[in-house]
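> Handing you a structure now.
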Amino acid sequence: MIRNLKIALFFVLTMWIVFIVDIVIPIDFTIFGIIPRKMEGLIGILASPFLHGSIAHIIANTIPLFILLLLVLTFYKKNSVPVIIIIIILGGFLVWLFGRNAYHIGASGLIYGLAGFLFSSGIFRRDVKSILISIAIFLFYGGLIYGILPTQKGVSWEGHLFGVLVGVFCGYIFKKEKE
């Protein structure tokens with residue numbers, strides 16, 4: 001459990017360090033976000049989860065990311081790292097391929113992906129532990145479903161949508177893996 005706490009904390013602290021460096025250095029780090037269909041936007045696939053446009057943005061992502069990372073790392077030990085990597089890379093690539101022409105930044109694609117994975121794992125695995133986690137995710141994060149719709153200007157609903165789709169995909173491809 002301590003290892004899982006350290007990993008989740010490391011990810012969140014790295015996000016905050018990047019945010020603080022972005023404030024201190026007079027360069028807008030947003031340029032390192034995902035820029036759809038532009039070669040220079042490919043770096044954003046790996047960088048975007050660590051980039052945030054405002055204090056409100058990073059605060060909104062910090063607690064859900066920490067909790068969801070902790071859940072995946074704790075209850076899906078064997079698959080946690082592959083799931084996180086697949087969500088970041090495949091979800092980011094889909095945003096790069098199909099997203100609207102804008103800078104896409106933030107950890108919410110990963111958040112949606114982790115929630116999608118945790119929820120769908122209960123459906124696909126059908127074991128008591130996974131089903132209970134699915135129910136908890138639905139109760140606490142069921143409202144995330146509205147984030148996949150293009151309702152808020154300046155919000156990468158594409159990141160949310162592709163994150164959750166890739167999370168569900170991971171839930172399916174890892175359904176037979178025993179922990």
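Here, A, B, ... name the chains of the structure tokens in the order displayed, residue numbers run from 1 inside each chain, and ligands are numbered from 1 in the same displayed order.
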Determine, counting only C-alpha atoms, which protein, DNA and RNA residues have an atom within 7 Å of an atom of A:Leu70; residues of the same chain fewer than 2 positions away are not included. Present the result as a list in words.

Asn4, Leu5, Ala8, Phe66, Ile67, Leu68, Val72, Leu73 and Thr74 of chain A

> Residues near stretch 156-162 of chain A, anyone? I mean within 7 Å using only C-alpha atoms, not counting same-chain ones fewer than 3 positions away, as a list in words.

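Counting only the stated atoms, we get Gly91, Leu94, Val95, Gly99, His104, Ser108, Gly109, Tyr112, Gly147, Ile148, Leu149, Pro150, Leu165 and Val166 of chain A.
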
> Smallest atom-to-atom distance to A:Ala56: which of A:Gly106, A:Pro36, A:Gly122, A:Gly171, using only C-alpha atoms?

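Checking each candidate against A:Ala56, we get A:Gly106 as the closest.
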
> Any idea what's packed within 6 Å of A:Ile105, counting only C-alpha atoms, ignoring anything in its chain fewer than 3 positions away? Could you give it as a PyMOL selection string?

chain A and resi 33+48+51

> How would the residues just chosen look if you wrote them out with C-alpha atoms as a compact mmCIF listing (two decimals), in the first residue's frame?


```txt
# COMPACT_ATOMS: atom_id res chain seq x y z
CA GLY A 33 -0.16 20.08 -25.15
CA SER A 48 -0.55 16.83 -21.53
CA LEU A 51 0.00 20.44 -17.99
```

> Under the rule that only C-alpha atoms are counted, which of A:Ile173, A:Ile2, A:Leu110, A:Ile55 is the nearest residue to A:Ile89?

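Among the listed residues, the smallest separation from A:Ile89 belongs to A:Leu110.
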
> I'd like to know which of A:Ile59, A:Ser120, A:Val83, A:His52 is closest to A:Asp22, using only C-alpha atoms.

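Ranking A:Ile59, A:Ser120, A:Val83, A:His52 by distance to A:Asp22, first place goes to A:His52.
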
> If you measure from atom CA of A:Phe10 to atom CA of A:Ile85, what distance in Å do you get, rounded to one decimal?

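That distance, rounded to one decimal, is 15.4 Å.
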
> Rounded to one decimal place, report the atom CA of A:Gly113-atom CA of A:Lys38 distance in Å.

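Separation of atom CA of A:Gly113 and atom CA of A:Lys38: 23.5 Å.
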
> May I have the residues within 8 Å of A:Trp16 as a short mmCIF file (atom, residue, chain, number, x, y, z; two decimals) with N, CA and C atoms, in the first residue's frame, using only C-alpha atoms and disregarding those fewer than 4 positions away in the same chain?


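Below is the file that was written, result-v9.cif:
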```cif
data_model
loop_
_atom_site.label_atom_id
_atom_site.label_comp_id
_atom_site.auth_asym_id
_atom_site.auth_seq_id
_atom_site.Cartn_x
_atom_site.Cartn_y
_atom_site.Cartn_z
N VAL A 12 1.02 12.96 -8.93
CA VAL A 12 0.34 14.22 -8.62
C VAL A 12 1.35 15.33 -8.31
N ILE A 20 3.94 24.69 -11.28
CA ILE A 20 4.70 25.78 -10.64
C ILE A 20 5.82 26.28 -11.54
N PHE A 50 0.35 16.33 -17.50
CA PHE A 50 1.08 17.10 -16.49
C PHE A 50 0.89 18.60 -16.66
N ILE A 58 -5.92 22.53 -12.18
CA ILE A 58 -5.08 21.52 -11.52
C ILE A 58 -5.71 21.03 -10.21
#
```

> Please identify the helix (DSSP H, G or I) residues within stretch 13-177 of chain A (assignment by DSSP from backbone atoms) and present them as an MDAnalysis selection string.

chainID A and resid 13:24 29:32 39:41 44:50 55:75 77:98 108:125 128:148 157:173

> Could you check which of A:Ile111, A:Ile34, A:Ile63, A:Leu13 is closest to A:Ile145, using only C-alpha atoms?

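Result for the nearest residue to A:Ile145: A:Ile111.
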
> Which residue, A:Ala107, A:Val168, A:Gly53, A:Ser130, has the smallest gap to A:Leu69 when you use only C-alpha atoms?

A:Ala107

> Choose the residue, out of A:Lys77, A:Lys175, A:Arg100, A:Lys129, that has the smallest atom-to-atom separation from A:Lys153; count only C-alpha atoms.

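Nearest candidate to A:Lys153 out of A:Lys77, A:Lys175, A:Arg100, A:Lys129: A:Arg100.
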
> So how many Å separate atom CA of A:Phe32 and atom CA of A:Gly44, to one decimal?

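Between atom CA of A:Phe32 and atom CA of A:Gly44 the gap works out to 5.2 Å.
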